[in-house]
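Novice: Starting off with a structure, shown below.
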Amino acid sequence: MKRVTVQYFAVLRERRGLASETVETSAPTVGVLVGELVSRHRLGLPPSLIRAAVDREFVDDDCPLAGGETVVLVPPVAGG
């Protein structure tokens, strides 16, 4: 298991009830981690719509996790 810090933004923060947390995971990639978190916390969005950044850089779902990273989850944004 590895530890990562997860930061939630916008509607994800509201649904989770937290701005950030440290989680233990065996997820090999960011995409798997996002899927785990969506399911575990019932975030109500498909993982494919959530953008993830690792240590301040947006990454693809296949980005590997080593542990110790900060993963930021950003929902789709609408504006006008």
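Labels for the structure tokens follow display order: chains A, B, ..., residues from 1 in each chain, ligands from 1.
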Identify, on the basis of only C-alpha atoms, every residue whose closest approach to A:Val34 does not exceed 9 Å; exclude the query and any residue fewer than 2 positions from it along the same chain; express the result as a list in words.
Specialist: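 Neighbouring residues, sequence-local ones excluded: Thr29, Val30, Gly31, Val32, Glu36, Leu37, Val38, Ser39, Pro47, Ser48, Ile50, Ala52, Asp61 and Leu73 of chain A.
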Novice: Would you save the residues of that selection, restricted to all heavy atoms, as a compact mmCIF listing (two decimals), in the first residue's frame?
Specialist:
# COMPACT_ATOMS: atom_id res chain seq x y z
N THR A 29 -2.17 3.19 -10.85
CA THR A 29 -2.21 4.39 -11.69
C THR A 29 -3.21 5.40 -11.13
O THR A 29 -4.09 5.05 -10.32
CB THR A 29 -2.63 4.07 -13.14
OG1 THR A 29 -3.97 3.58 -13.11
CG2 THR A 29 -1.70 3.05 -13.78
N VAL A 30 -3.11 6.61 -11.63
CA VAL A 30 -4.04 7.66 -11.25
C VAL A 30 -5.47 7.29 -11.62
O VAL A 30 -6.40 7.49 -10.84
CB VAL A 30 -3.64 9.00 -11.91
CG1 VAL A 30 -4.72 10.05 -11.73
CG2 VAL A 30 -2.32 9.49 -11.33
N GLY A 31 -5.67 6.72 -12.80
CA GLY A 31 -7.01 6.35 -13.24
C GLY A 31 -7.66 5.35 -12.31
O GLY A 31 -8.86 5.46 -12.00
N VAL A 32 -6.92 4.38 -11.86
CA VAL A 32 -7.45 3.38 -10.92
C VAL A 32 -7.79 4.06 -9.59
O VAL A 32 -8.83 3.79 -9.00
CB VAL A 32 -6.48 2.20 -10.74
CG1 VAL A 32 -6.96 1.26 -9.65
CG2 VAL A 32 -6.30 1.46 -12.05
N GLU A 36 -11.42 4.26 -7.74
CA GLU A 36 -11.61 3.82 -6.35
C GLU A 36 -12.31 4.90 -5.53
O GLU A 36 -13.23 4.62 -4.77
CB GLU A 36 -10.27 3.52 -5.69
CG GLU A 36 -9.63 2.23 -6.07
CD GLU A 36 -8.29 2.03 -5.35
OE1 GLU A 36 -7.90 2.86 -4.50
OE2 GLU A 36 -7.64 1.02 -5.65
N LEU A 37 -11.83 6.14 -5.66
CA LEU A 37 -12.38 7.22 -4.86
C LEU A 37 -13.82 7.54 -5.24
O LEU A 37 -14.65 7.81 -4.37
CB LEU A 37 -11.49 8.46 -4.97
CG LEU A 37 -10.09 8.30 -4.38
CD1 LEU A 37 -9.23 9.51 -4.74
CD2 LEU A 37 -10.14 8.08 -2.89
N VAL A 38 -14.12 7.53 -6.54
CA VAL A 38 -15.49 7.78 -6.99
C VAL A 38 -16.43 6.74 -6.40
O VAL A 38 -17.51 7.07 -5.90
CB VAL A 38 -15.57 7.80 -8.53
CG1 VAL A 38 -17.00 7.70 -9.02
CG2 VAL A 38 -14.91 9.05 -9.09
N SER A 39 -16.01 5.49 -6.42
CA SER A 39 -16.84 4.41 -5.89
C SER A 39 -16.93 4.46 -4.37
O SER A 39 -18.02 4.39 -3.80
CB SER A 39 -16.25 3.07 -6.33
OG SER A 39 -16.98 2.01 -5.80
N PRO A 47 -15.64 8.53 -13.56
CA PRO A 47 -14.21 8.84 -13.48
C PRO A 47 -13.66 9.48 -14.76
O PRO A 47 -12.75 10.32 -14.69
CB PRO A 47 -13.55 7.48 -13.23
CG PRO A 47 -14.62 6.69 -12.56
CD PRO A 47 -15.91 7.16 -13.17
N SER A 48 -14.23 9.15 -15.90
CA SER A 48 -13.74 9.70 -17.17
C SER A 48 -13.93 11.20 -17.28
O SER A 48 -13.28 11.85 -18.11
CB SER A 48 -14.41 9.00 -18.34
OG SER A 48 -15.82 9.22 -18.30
N ILE A 50 -13.44 13.31 -14.68
CA ILE A 50 -12.62 13.96 -13.66
C ILE A 50 -11.18 14.08 -14.15
O ILE A 50 -10.57 13.09 -14.54
CB ILE A 50 -12.68 13.18 -12.34
CG1 ILE A 50 -14.12 13.15 -11.82
CG2 ILE A 50 -11.73 13.78 -11.31
CD1 ILE A 50 -14.34 12.25 -10.63
N ALA A 52 -7.22 14.84 -13.41
CA ALA A 52 -6.32 14.66 -12.27
C ALA A 52 -4.99 15.32 -12.56
O ALA A 52 -4.49 15.29 -13.69
CB ALA A 52 -6.12 13.17 -11.99
N ASP A 61 -4.73 9.12 -17.28
CA ASP A 61 -5.14 8.07 -16.35
C ASP A 61 -4.08 7.00 -16.13
O ASP A 61 -4.06 6.36 -15.08
CB ASP A 61 -6.42 7.40 -16.84
CG ASP A 61 -7.64 8.28 -16.66
OD1 ASP A 61 -7.57 9.29 -15.93
OD2 ASP A 61 -8.68 7.95 -17.25
N LEU A 73 -8.04 16.40 -7.79
CA LEU A 73 -9.15 15.97 -8.61
C LEU A 73 -10.01 17.17 -8.96
O LEU A 73 -10.48 17.89 -8.08
CB LEU A 73 -9.99 14.92 -7.89
CG LEU A 73 -9.25 13.66 -7.46
CD1 LEU A 73 -10.21 12.67 -6.82
CD2 LEU A 73 -8.51 13.03 -8.63
Novice: Skipping near chain neighbours, those fewer than 2 positions away, what residues fall within 9 Å of A:Asp55 using only C-alpha atoms, listed as a list in words?
Specialist: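 My reading of the contact set: Ala53, Glu57, Phe58, Glu69, Thr70, Val71 and Val72 of chain A.
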Novice: For the selection just defined, write its residues with C-alpha atoms to a file, as a tab-separated table (two decimals), in the first residue's frame.
Specialist:
chain	number	residue	atom	x	y	z
A	53	ALA	CA	-3.10	16.49	-11.59
A	57	GLU	CA	0.82	18.79	-13.43
A	58	PHE	CA	-2.20	17.39	-15.26
A	69	GLU	CA	2.30	12.30	-4.40
A	70	THR	CA	-0.41	14.93	-4.15
A	71	VAL	CA	-3.28	14.12	-6.51
A	72	VAL	CA	-5.71	16.92	-7.30
Novice: If you run DSSP on this backbone, which residues of chain A come out as alpha helix (DSSP H), and could you give them as a list in words?
Specialist: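 Residues of chain A classed as alpha helix (DSSP H): Val11, Leu12, Arg13, Glu14, Arg15, Arg16, Val30, Gly31, Val32, Leu33, Val34, Gly35, Glu36, Leu37, Val38, Ser39, Arg40 and His41 of chain A.
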Novice: Skip A:Ser20 itself and residues of its chain fewer than 3 positions away, then list as a list of chain:residue names all residues within 7 Å of it, counting only C-alpha atoms.
Specialist: A:Thr5, A:Val6, A:Gln7, A:Tyr8
Novice: Using DSSP assignments from the backbone, pull out every residue in chain A that falls under strand (DSSP E) and give it to me as a VMD selection string.
Specialist: chain A and resid 2 to 8 20 to 25 51 to 54 57 to 59 70 to 74
